[in-house]
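Data from data.cif: mmCIF, C-alpha atoms
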data_model
loop_
_atom_site.group_PDB
_atom_site.id
_atom_site.type_symbol
_atom_site.label_atom_id
_atom_site.label_comp_id
_atom_site.auth_asym_id
_atom_site.auth_seq_id
_atom_site.Cartn_x
_atom_site.Cartn_y
_atom_site.Cartn_z
ATOM 1 C CA MET A 20 19.652 -0.356 -21.408
ATOM 2 C CA SER A 21 16.427 0.261 -23.338
ATOM 3 C CA ARG A 22 13.678 2.518 -22.029
ATOM 4 C CA GLN A 23 11.409 -0.507 -21.496
ATOM 5 C CA VAL A 24 14.008 -2.424 -19.503
ATOM 6 C CA GLN A 25 14.616 0.683 -17.401
ATOM 7 C CA GLY A 26 10.906 0.726 -16.685
ATOM 8 C CA TYR A 27 10.999 -2.898 -15.556
ATOM 9 C CA VAL A 28 13.880 -2.172 -13.184
ATOM 10 C CA TYR A 29 12.131 0.866 -11.688
ATOM 11 C CA LEU A 30 8.856 -1.029 -11.200
ATOM 12 C CA ALA A 31 10.570 -4.026 -9.615
ATOM 13 C CA LEU A 32 12.446 -1.752 -7.201
ATOM 14 C CA ALA A 33 9.229 0.120 -6.391
ATOM 15 C CA MET A 34 7.420 -3.097 -5.515
ATOM 16 C CA LEU A 35 10.432 -4.276 -3.545
ATOM 17 C CA THR A 36 10.060 -1.191 -1.343
ATOM 18 C CA VAL A 37 6.336 -1.914 -0.967
ATOM 19 C CA GLY A 38 7.134 -5.415 0.220
ATOM 20 C CA SER A 39 9.672 -4.020 2.661
ATOM 21 C CA THR A 40 6.931 -2.028 4.419
ATOM 22 C CA VAL A 41 5.769 -5.284 5.970
ATOM 23 C CA VAL A 42 9.135 -5.821 7.646
ATOM 24 C CA ALA A 43 9.345 -2.139 8.622
ATOM 25 C CA SER A 44 5.836 -2.286 10.108
ATOM 26 C CA LYS A 45 6.770 -5.402 12.086
ATOM 27 C CA LEU A 46 9.689 -3.508 13.641
ATOM 28 C CA ILE A 47 7.503 -0.454 14.260
ATOM 29 C CA ALA A 48 4.843 -2.569 15.979
ATOM 30 C CA SER A 49 7.339 -3.629 18.634
ATOM 31 C CA GLY A 50 8.206 -0.089 19.703
ATOM 32 C CA LEU A 51 5.602 2.511 18.704
ATOM 33 C CA PRO A 52 1.783 2.805 18.858
ATOM 34 C CA PRO A 53 0.203 2.682 15.374
ATOM 35 C CA PHE A 54 -1.208 6.217 15.128
ATOM 36 C CA SER A 55 1.953 7.783 16.554
ATOM 37 C CA ALA A 56 4.059 5.885 14.029
ATOM 38 C CA THR A 57 1.738 6.889 11.196
ATOM 39 C CA ALA A 58 1.788 10.562 12.190
ATOM 40 C CA LEU A 59 5.596 10.490 12.362
ATOM 41 C CA ARG A 60 5.783 8.801 8.975
ATOM 42 C CA PHE A 61 3.789 11.547 7.288
ATOM 43 C CA ALA A 62 5.507 14.316 9.273
ATOM 44 C CA ILE A 63 8.749 13.150 7.643
ATOM 45 C CA ALA A 64 7.387 12.466 4.151
ATOM 46 C CA PHE A 65 5.245 15.622 3.760
ATOM 47 C CA PRO A 66 8.070 18.208 3.632
ATOM 48 C CA VAL A 67 10.000 15.989 1.220
ATOM 49 C CA PHE A 68 7.012 15.903 -1.127
ATOM 50 C CA LEU A 69 6.691 19.696 -0.818
ATOM 51 C CA LEU A 70 10.340 20.074 -1.837
ATOM 52 C CA LEU A 71 9.773 17.772 -4.814
ATOM 53 C CA MET A 72 6.779 19.848 -5.884
ATOM 54 C CA ARG A 73 8.795 23.034 -5.674
ATOM 55 C CA ALA A 74 11.705 21.472 -7.574
ATOM 56 C CA THR A 75 9.458 20.246 -10.386
ATOM 57 C CA GLY A 76 7.173 23.263 -10.475
ATOM 58 C CA ALA A 77 4.118 21.146 -9.680
ATOM 59 C CA ARG A 78 0.976 22.932 -8.501
ATOM 60 C CA LEU A 79 -2.101 21.897 -6.565
ATOM 61 C CA PRO A 80 -5.295 22.137 -8.672
ATOM 62 C CA LYS A 81 -8.411 23.963 -7.582
ATOM 63 C CA LEU A 82 -10.707 21.412 -6.003
ATOM 64 C CA SER A 83 -14.435 21.351 -5.453
ATOM 65 C CA ARG A 84 -15.893 20.780 -1.995
ATOM 66 C CA GLU A 85 -16.802 17.211 -3.003
ATOM 67 C CA ASP A 86 -13.265 16.458 -4.172
ATOM 68 C CA ARG A 87 -11.801 17.862 -0.950
ATOM 69 C CA LEU A 88 -14.107 15.598 1.055
ATOM 70 C CA ILE A 89 -13.072 12.582 -1.021
ATOM 71 C CA LEU A 90 -9.398 13.389 -0.415
ATOM 72 C CA VAL A 91 -9.962 13.532 3.346
ATOM 73 C CA ILE A 92 -11.742 10.157 3.262
ATOM 74 C CA GLN A 93 -8.978 8.765 1.056
ATOM 75 C CA ALA A 94 -6.327 9.897 3.500
ATOM 76 C CA GLY A 95 -8.291 8.442 6.393
ATOM 77 C CA ALA A 96 -8.782 5.070 4.706
ATOM 78 C CA GLY A 97 -5.826 4.560 2.392
ATOM 79 C CA SER A 98 -3.100 6.472 4.197
ATOM 80 C CA VAL A 99 -3.932 6.308 7.902
ATOM 81 C CA GLY A 100 -6.254 3.278 7.928
ATOM 82 C CA TYR A 101 -3.899 1.105 5.906
ATOM 83 C CA THR A 102 -0.784 1.980 7.904
ATOM 84 C CA THR A 103 -2.325 1.713 11.368
ATOM 85 C CA LEU A 104 -4.088 -1.566 10.598
ATOM 86 C CA LEU A 105 -0.903 -2.990 9.069
ATOM 87 C CA ILE A 106 1.132 -2.073 12.155
ATOM 88 C CA SER A 107 -1.598 -3.315 14.514
ATOM 89 C CA GLY A 108 -1.920 -6.579 12.620
ATOM 90 C CA LEU A 109 1.822 -7.169 12.607
ATOM 91 C CA SER A 110 1.912 -6.834 16.384
ATOM 92 C CA LEU A 111 -0.129 -10.071 16.380
ATOM 93 C CA THR A 112 0.878 -12.033 13.287
ATOM 94 C CA SER A 113 3.968 -12.905 11.257
ATOM 95 C CA ALA A 114 5.388 -10.725 8.498
ATOM 96 C CA ALA A 115 5.363 -13.724 6.151
ATOM 97 C CA ASP A 116 1.597 -14.170 6.579
ATOM 98 C CA ALA A 117 1.101 -10.428 6.105
ATOM 99 C CA GLY A 118 3.146 -10.553 2.904
ATOM 100 C CA VAL A 119 0.783 -13.126 1.426
ATOM 101 C CA ILE A 120 -2.295 -11.106 2.362
ATOM 102 C CA ILE A 121 -1.113 -7.732 1.009
ATOM 103 C CA GLY A 122 -0.483 -9.422 -2.311
ATOM 104 C CA THR A 123 -4.242 -9.717 -2.765
ATOM 105 C CA LEU A 124 -4.615 -5.929 -3.174
ATOM 106 C CA PRO A 125 -5.136 -5.876 -6.977
ATOM 107 C CA VAL A 126 -7.819 -8.551 -6.698
ATOM 108 C CA VAL A 127 -9.493 -6.976 -3.654
ATOM 109 C CA ALA A 128 -9.559 -3.577 -5.375
ATOM 110 C CA ALA A 129 -11.205 -5.094 -8.446
ATOM 111 C CA ALA A 130 -13.714 -6.983 -6.287
ATOM 112 C CA ILE A 131 -14.637 -3.793 -4.412
ATOM 113 C CA SER A 132 -15.326 -2.098 -7.744
ATOM 114 C CA ILE A 133 -17.749 -4.892 -8.609
ATOM 115 C CA LEU A 134 -19.538 -4.757 -5.266
ATOM 116 C CA LEU A 135 -19.832 -0.980 -4.975
ATOM 117 C CA LEU A 136 -19.896 0.150 -8.603
ATOM 118 C CA ARG A 137 -22.033 -2.775 -9.828
ATOM 119 C CA GLU A 138 -19.523 -3.545 -12.576
ATOM 120 C CA ARG A 139 -20.020 -6.809 -14.434
ATOM 121 C CA PRO A 140 -17.164 -9.162 -13.498
ATOM 122 C CA GLN A 141 -15.178 -10.942 -16.185
ATOM 123 C CA ARG A 142 -14.474 -14.648 -15.868
ATOM 124 C CA ALA A 143 -10.789 -13.913 -15.401
ATOM 125 C CA LEU A 144 -11.579 -11.684 -12.435
ATOM 126 C CA LEU A 145 -13.812 -14.299 -10.807
ATOM 127 C CA LEU A 146 -11.010 -16.845 -11.187
ATOM 128 C CA ALA A 147 -8.518 -14.359 -9.721
ATOM 129 C CA VAL A 148 -10.795 -13.764 -6.720
ATOM 130 C CA ALA A 149 -11.092 -17.518 -6.179
ATOM 131 C CA LEU A 150 -7.312 -17.982 -6.333
ATOM 132 C CA ALA A 151 -6.633 -15.047 -4.021
ATOM 133 C CA THR A 152 -9.218 -16.378 -1.563
ATOM 134 C CA ALA A 153 -7.558 -19.793 -1.643
ATOM 135 C CA GLY A 154 -4.228 -18.127 -0.944
ATOM 136 C CA VAL A 155 -5.538 -16.306 2.114
ATOM 137 C CA LEU A 156 -7.365 -19.396 3.355
ATOM 138 C CA SER A 157 -4.162 -21.425 3.129
ATOM 139 C CA ILE A 158 -2.685 -19.330 5.941
ATOM 140 C CA ALA A 159 -5.987 -18.740 7.737
ATOM 141 C CA VAL A 160 -6.545 -22.436 8.378
ATOM 142 C CA THR A 161 -3.174 -22.673 10.157
ATOM 143 C CA PRO A 162 -3.116 -19.341 12.029
ATOM 144 C CA ASP A 163 -0.707 -20.453 14.749
ATOM 145 C CA ALA A 164 1.917 -21.765 12.358
ATOM 146 C CA ALA A 165 5.183 -19.777 12.174
ATOM 147 C CA GLY A 166 3.910 -17.046 14.463
ATOM 148 C CA GLY A 167 0.684 -16.371 12.599
ATOM 149 C CA SER A 168 -2.550 -15.198 14.200
ATOM 150 C CA LEU A 169 -6.115 -15.259 12.916
ATOM 151 C CA SER A 170 -6.943 -11.872 14.476
ATOM 152 C CA GLY A 171 -3.688 -10.368 13.196
ATOM 153 C CA ASN A 172 -4.308 -11.713 9.695
ATOM 154 C CA ALA A 173 -7.821 -10.243 9.818
ATOM 155 C CA LEU A 174 -6.390 -6.802 10.614
ATOM 156 C CA ILE A 175 -3.954 -7.105 7.704
ATOM 157 C CA PHE A 176 -6.824 -7.976 5.370
ATOM 158 C CA LEU A 177 -8.787 -4.961 6.632
ATOM 159 C CA ALA A 178 -5.727 -2.854 5.774
ATOM 160 C CA VAL A 179 -5.873 -4.219 2.230
ATOM 161 C CA VAL A 180 -9.585 -3.377 2.057
ATOM 162 C CA CYS A 181 -8.764 0.198 3.130
ATOM 163 C CA GLU A 182 -6.230 0.419 0.313
ATOM 164 C CA GLY A 183 -8.801 -0.953 -2.105
ATOM 165 C CA LEU A 184 -11.258 1.756 -1.014
ATOM 166 C CA PHE A 185 -8.545 4.338 -1.633
ATOM 167 C CA ILE A 186 -8.275 3.156 -5.237
ATOM 168 C CA LEU A 187 -12.056 3.155 -5.667
ATOM 169 C CA LEU A 188 -12.397 6.679 -4.247
ATOM 170 C CA ASN A 189 -9.699 7.881 -6.619
ATOM 171 C CA LYS A 190 -12.058 7.109 -9.499
ATOM 172 C CA ARG A 191 -14.680 9.367 -7.909
ATOM 173 C CA LEU A 192 -12.517 12.492 -8.099
ATOM 174 C CA LYS A 193 -13.907 14.949 -10.655
ATOM 175 C CA THR A 194 -10.670 16.929 -10.890
ATOM 176 C CA GLU A 195 -7.572 15.261 -12.271
ATOM 177 C CA ILE A 196 -4.742 15.547 -9.747
ATOM 178 C CA ALA A 197 -1.126 14.909 -10.731
ATOM 179 C CA PRO A 198 0.434 11.965 -8.842
ATOM 180 C CA LEU A 199 3.002 14.115 -7.026
ATOM 181 C CA ALA A 200 0.372 16.627 -5.934
ATOM 182 C CA GLN A 201 -1.917 13.853 -4.718
ATOM 183 C CA SER A 202 0.889 12.174 -2.780
ATOM 184 C CA THR A 203 1.668 15.499 -1.127
ATOM 185 C CA LEU A 204 -1.975 16.004 -0.192
ATOM 186 C CA MET A 205 -2.245 12.457 1.182
ATOM 187 C CA ALA A 206 0.837 12.952 3.336
ATOM 188 C CA GLY A 207 -0.340 16.310 4.675
ATOM 189 C CA ILE A 208 -3.922 15.265 5.360
ATOM 190 C CA GLY A 209 -2.751 11.888 6.643
ATOM 191 C CA PHE A 210 -0.553 13.583 9.226
ATOM 192 C CA ILE A 211 -3.460 15.675 10.522
ATOM 193 C CA VAL A 212 -5.803 12.682 10.669
ATOM 194 C CA ALA A 213 -3.248 10.477 12.453
ATOM 195 C CA ALA A 214 -1.958 13.164 14.811
ATOM 196 C CA ILE A 215 -5.299 13.563 16.606
ATOM 197 C CA PRO A 216 -5.568 9.966 17.932
ATOM 198 C CA ALA A 217 -1.777 9.837 18.345
ATOM 199 C CA ILE A 218 -2.080 12.416 21.139
ATOM 200 C CA PHE A 219 -4.145 9.968 23.183
ATOM 201 C CA GLU A 220 -1.630 7.165 22.645
ATOM 202 C CA ALA A 221 0.975 9.143 24.625
ATOM 203 C CA PRO A 222 3.916 7.316 22.994
ATOM 204 C CA PHE A 223 6.566 9.026 25.133
ATOM 205 C CA ALA A 224 4.936 7.759 28.318
ATOM 206 C CA HIS A 225 5.647 4.155 27.328
ATOM 207 C CA GLY A 226 9.149 4.642 25.965
ATOM 208 C CA ILE A 227 10.142 4.635 22.293
ATOM 209 C CA SER A 228 12.266 1.990 20.618
ATOM 210 C CA ARG A 229 15.125 3.305 18.481
ATOM 211 C CA SER A 230 14.652 0.494 15.990
ATOM 212 C CA ALA A 231 10.974 1.432 15.658
ATOM 213 C CA VAL A 232 11.821 5.085 14.984
ATOM 214 C CA ALA A 233 14.461 4.047 12.441
ATOM 215 C CA ALA A 234 11.861 1.838 10.749
ATOM 216 C CA VAL A 235 9.415 4.776 10.570
ATOM 217 C CA VAL A 236 12.089 6.992 8.998
ATOM 218 C CA TYR A 237 12.812 4.241 6.480
ATOM 219 C CA TYR A 238 9.081 3.795 5.769
ATOM 220 C CA ALA A 239 8.666 7.534 5.203
ATOM 221 C CA LEU A 240 11.661 8.074 2.936
ATOM 222 C CA VAL A 241 12.113 4.820 1.020
ATOM 223 C CA PRO A 242 8.704 3.185 0.343
ATOM 224 C CA THR A 243 6.608 6.372 0.652
ATOM 225 C CA VAL A 244 8.769 8.854 -1.278
ATOM 226 C CA GLY A 245 11.259 6.601 -3.053
ATOM 227 C CA GLY A 246 8.629 4.030 -3.986
ATOM 228 C CA PHE A 247 6.444 6.756 -5.457
ATOM 229 C CA LEU A 248 9.286 8.106 -7.623
ATOM 230 C CA LEU A 249 10.351 4.642 -8.784
ATOM 231 C CA TRP A 250 6.809 3.521 -9.624
ATOM 232 C CA TYR A 251 5.900 6.498 -11.772
ATOM 233 C CA ALA A 252 9.337 6.533 -13.426
ATOM 234 C CA GLY A 253 8.723 2.931 -14.420
ATOM 235 C CA ALA A 254 5.034 3.277 -15.289
ATOM 236 C CA GLU A 255 5.711 5.988 -17.865
ATOM 237 C CA ARG A 256 8.102 3.645 -19.704
ATOM 238 C CA VAL A 257 5.853 0.580 -20.051
ATOM 239 C CA SER A 258 2.233 -0.294 -20.741
ATOM 240 C CA GLY A 259 -0.411 -0.419 -18.013
ATOM 241 C CA THR A 260 -0.680 -4.217 -18.240
ATOM 242 C CA GLU A 261 3.092 -4.604 -17.887
ATOM 243 C CA ALA A 262 3.070 -2.311 -14.856
ATOM 244 C CA ALA A 263 0.251 -4.319 -13.284
ATOM 245 C CA LEU A 264 2.333 -7.489 -13.544
ATOM 246 C CA PHE A 265 4.949 -6.005 -11.243
ATOM 247 C CA THR A 266 2.505 -5.729 -8.341
ATOM 248 C CA ALA A 267 3.235 -9.452 -7.918
ATOM 249 C CA VAL A 268 6.745 -8.551 -6.736
ATOM 250 C CA ALA A 269 5.442 -6.983 -3.501
ATOM 251 C CA PRO A 270 4.171 -10.147 -1.726
ATOM 252 C CA VAL A 271 7.199 -12.162 -2.851
ATOM 253 C CA SER A 272 9.623 -9.539 -1.533
ATOM 254 C CA ALA A 273 7.659 -9.270 1.727
ATOM 255 C CA VAL A 274 7.902 -13.014 2.411
ATOM 256 C CA MET A 275 11.557 -13.159 1.348
ATOM 257 C CA LEU A 276 12.528 -10.166 3.510
ATOM 258 C CA ALA A 277 10.623 -11.603 6.473
ATOM 259 C CA PHE A 278 12.777 -14.713 6.137
ATOM 260 C CA ILE A 279 16.088 -12.890 5.519
ATOM 261 C CA ILE A 280 15.794 -9.928 7.913
ATOM 262 C CA LEU A 281 13.447 -11.160 10.627
ATOM 263 C CA GLY A 282 14.439 -14.799 10.458
ATOM 264 C CA GLU A 283 10.814 -15.933 10.230
ATOM 265 C CA PRO A 284 10.269 -19.483 9.004
ATOM 266 C CA VAL A 285 8.378 -19.832 5.751
ATOM 267 C CA GLY A 286 6.157 -22.906 5.765
ATOM 268 C CA LEU A 287 4.412 -24.844 3.036
ATOM 269 C CA HIS A 288 1.086 -23.126 3.793
ATOM 270 C CA GLN A 289 2.677 -19.719 3.145
ATOM 271 C CA LEU A 290 4.364 -20.926 -0.048
ATOM 272 C CA ALA A 291 1.028 -22.328 -1.229
ATOM 273 C CA GLY A 292 -0.673 -19.079 -0.309
ATOM 274 C CA ILE A 293 1.778 -16.895 -2.183
ATOM 275 C CA ALA A 294 1.586 -19.216 -5.214
ATOM 276 C CA CYS A 295 -2.196 -18.751 -5.337
ATOM 277 C CA VAL A 296 -1.912 -14.984 -4.870
ATOM 278 C CA LEU A 297 0.739 -14.675 -7.592
ATOM 279 C CA ALA A 298 -1.394 -16.739 -9.979
ATOM 280 C CA ALA A 299 -4.358 -14.457 -9.232
ATOM 281 C CA VAL A 300 -2.424 -11.214 -9.782
ATOM 282 C CA LEU A 301 -0.657 -12.405 -12.920
ATOM 283 C CA GLY A 302 -3.872 -13.820 -14.351
ATOM 284 C CA LEU A 303 -5.663 -10.554 -13.677
ATOM 285 C CA ALA A 304 -2.949 -8.569 -15.435
ATOM 286 C CA PHE A 305 -2.684 -10.891 -18.427
ATOM 287 C CA ALA A 306 -6.448 -10.748 -18.889
ATOM 288 C CA GLY A 307 -6.170 -7.007 -19.313
ATOM 289 C CA SER A 308 -8.333 -6.219 -16.300
ATOM 290 C CA ARG A 309 -8.234 -2.906 -14.491
ATOM 291 C CA THR A 310 -4.696 -1.866 -13.712
ATOM 292 C CA VAL A 311 -4.030 -1.157 -10.052
ATOM 293 C CA LYS A 312 -1.380 1.500 -9.687
ATOM 294 C CA LEU A 313 0.733 2.074 -6.647
ATOM 295 C CA ALA A 314 -1.506 4.201 -4.509
ATOM 296 C CA SER A 315 -0.228 7.727 -4.170
ATOM 297 C CA GLY A 316 1.363 8.537 -0.867
ATOM 298 C CA ARG A 317 1.519 4.965 0.398
#

Would you put the structure from the file into structure tokens?
Amino acid sequence: MSRQVQGYVYLALAMLTVGSTVVASKLIASGLPPFSATALRFAIAFPVFLLLMRATGARLPKLSREDRLILVIQAGAGSVGYTTLLISGLSLTSAADAGVIIGTLPVVAAAISILLLRERPQRALLLAVALATAGVLSIAVTPDAAGGSLSGNALIFLAVVCEGLFILLNKRLKTEIAPLAQSTLMAGIGFIVAAIPAIFEAPFAHGISRSAVAAVVYYALVPTVGGFLLWYAGAERVSGTEAALFTAVAPVSAVMLAFIILGEPVGLHQLAGIACVLAAVLGLAFAGSRTVKLASGR
């Protein structure tokens, strides 16, 4: 197997784990409060990242006060905000709908860059935004179909916006931080940020579902740690544009896993939505627009 093909396999598996977070979050939503689940996720992932850093000899760089503040905001938005909103949204809507919406991340991230950084949009990006919007609207106009919910879908979209802000803030860092070190920082800071509100959720007072805890353990070890390792193993073997193409695997795997594992029906509106989202992501990548990498510590 060539180095390039190996990269394709690693990237596809990485995005498959990202898609599986939707199913895991659906299971978590039925048995754990969102902040408690998020704190537990990072409590499990953080020591694993520390062990990986020690094994590889990775070191944390010296950071300025501004960079440390950005990292805290990143952890609050991209790590804690994304996870808690995803879990909260999936307590109200279907995993299939959520899978369509999370697929808009590359487009949303690029759109945020235009709005906040005043970047001039390319025609390809404007077309991608239009397609992604059409994809989301295709499930928004039928919110009650197949267990969907307008309020739940809105929370999922807010989660995607939080992830987009994470990517934008990463460009503001003045110090270059290695991916493994940044993932470790996101897990550690994310745990602290999530643990504070988790105390007020009092999860033990309401009873804890074993399936929810198992889903959190899976989320922490497979998508968070395993997905990170697979993505960067693949990304170093292929070009940035090729890597960007594989982000399209995440929404497809999310919808497929929702059907296979959760038994959720997949309707025509969801198929139309995912077709629009895939066209947007693939068009964005082929046009050579800004590559959206798997966010560290997700």

- prompt: From the set A:Ser170, A:Ser230, A:Ser98, A:Ser83, which residue has the shortest atom-to-atom contact distance to Ala43 of chain A, counting all atoms listed in the file?
  reply: A:Ser230

task: Starting from the displayed file, determine the output of the PyMOL selection byres ((chain A and resi 208) around 9) and express the residue list as a PyMOL selection string.
output: chain A and resi 61+90-91+94-95+98+203-207+209-213

message: What does the structure give for the distance between atom CA of Ile63 of chain A and atom CA of Trp250 of chain A, in Å to one decimal?
response: 19.9 Å

- request: Choose the residue, out of A:Glu195, A:Glu220, A:Glu255, A:Glu261, that has the smallest atom-to-atom separation from Asp86 of chain A; count only C-alpha atoms.
  value: A:Glu195

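Close contacts of Ala291 of chain A, defined as residues with an atom at most 7 Å away when counting all atoms listed in the file, with chain neighbours fewer than 4 positions off set aside, comprise Gly154, Ser157, Leu287 and Cys295 of chain A.
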
Preceding selection exported with C-alpha atoms as a PDB file, in the coordinates of the input:
ATOM      1  CA  GLY A 154      -4.228 -18.127  -0.944  1.00  0.00           C
ATOM      2  CA  SER A 157      -4.162 -21.425   3.129  1.00  0.00           C
ATOM      3  CA  LEU A 287       4.412 -24.844   3.036  1.00  0.00           C
ATOM      4  CA  CYS A 295      -2.196 -18.751  -5.337  1.00  0.00           C
TER       5      CYS A 295
END

message: So the first atom is atom CA of Ala234 of chain A and the second is atom CA of Thr57 of chain A; what is the distance between them in Å, to one decimal place?
response: 11.3 Å

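The spacing separating atom CA of Arg78 of chain A from atom CA of Lys190 of chain A amounts to 20.5 Å.
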
message: Once the PyMOL selection byres ((chain A and resi 293) around 10) has been evaluated on this model, what residues remain selected, and can you format them as a count of residues only?
response: 29

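Closest approach to Ala147 of chain A among A:Ala273, A:Leu134, A:Ala128, A:Leu70: A:Ala128, based on only C-alpha atoms.
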
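When the PyMOL selection byres ((chain A and resi 186) around 9) is evaluated against the file, it yields Gln93, Gly97, Ala128, Cys181, Glu182, Gly183, Leu184, Phe185, Leu187, Leu188, Asn189, Lys190, Val311, Lys312 and Ala314 of chain A.
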
What would the file look like if the residues just selected were written as a CSV table (one decimal), keeping the file's coordinate frame with C-alpha atoms?
chain,number,residue,atom,x,y,z
A,93,GLN,CA,-9.0,8.8,1.1
A,97,GLY,CA,-5.8,4.6,2.4
A,128,ALA,CA,-9.6,-3.6,-5.4
A,181,CYS,CA,-8.8,0.2,3.1
A,182,GLU,CA,-6.2,0.4,0.3
A,183,GLY,CA,-8.8,-1.0,-2.1
A,184,LEU,CA,-11.3,1.8,-1.0
A,185,PHE,CA,-8.5,4.3,-1.6
A,187,LEU,CA,-12.1,3.2,-5.7
A,188,LEU,CA,-12.4,6.7,-4.2
A,189,ASN,CA,-9.7,7.9,-6.6
A,190,LYS,CA,-12.1,7.1,-9.5
A,311,VAL,CA,-4.0,-1.2,-10.1
A,312,LYS,CA,-1.4,1.5,-9.7
A,314,ALA,CA,-1.5,4.2,-4.5

Report, as AutoDock Vina command-line options, the axis-aligned box around all atoms of segment 195-203 of chain A present in the file, extended by 6 Å on each side; give centre and edge lengths in Å to one decimal place.
--center_x -2.3 --center_y 14.3 --center_z -6.7 --size_x 22.6 --size_y 16.7 --size_z 23.1

- request: Considering all atoms listed in the file, state which residue in the set A:Leu105, A:Leu199, A:Leu150, A:Ala31 is at the smallest distance from Pro80 of chain A.
  value: A:Leu199

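If you measure from each of A:Ser55, A:Ser202, A:Thr152, A:Asn172 to Leu109 of chain A using all atoms listed in the file, the closest one turns out to be A:Asn172.
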
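Distance annotation: of A:Pro216, A:Pro242, A:Gly259, A:Gly226, the residue with the minimal separation from Ser49 of chain A is A:Gly226; atom set is all atoms listed in the file.
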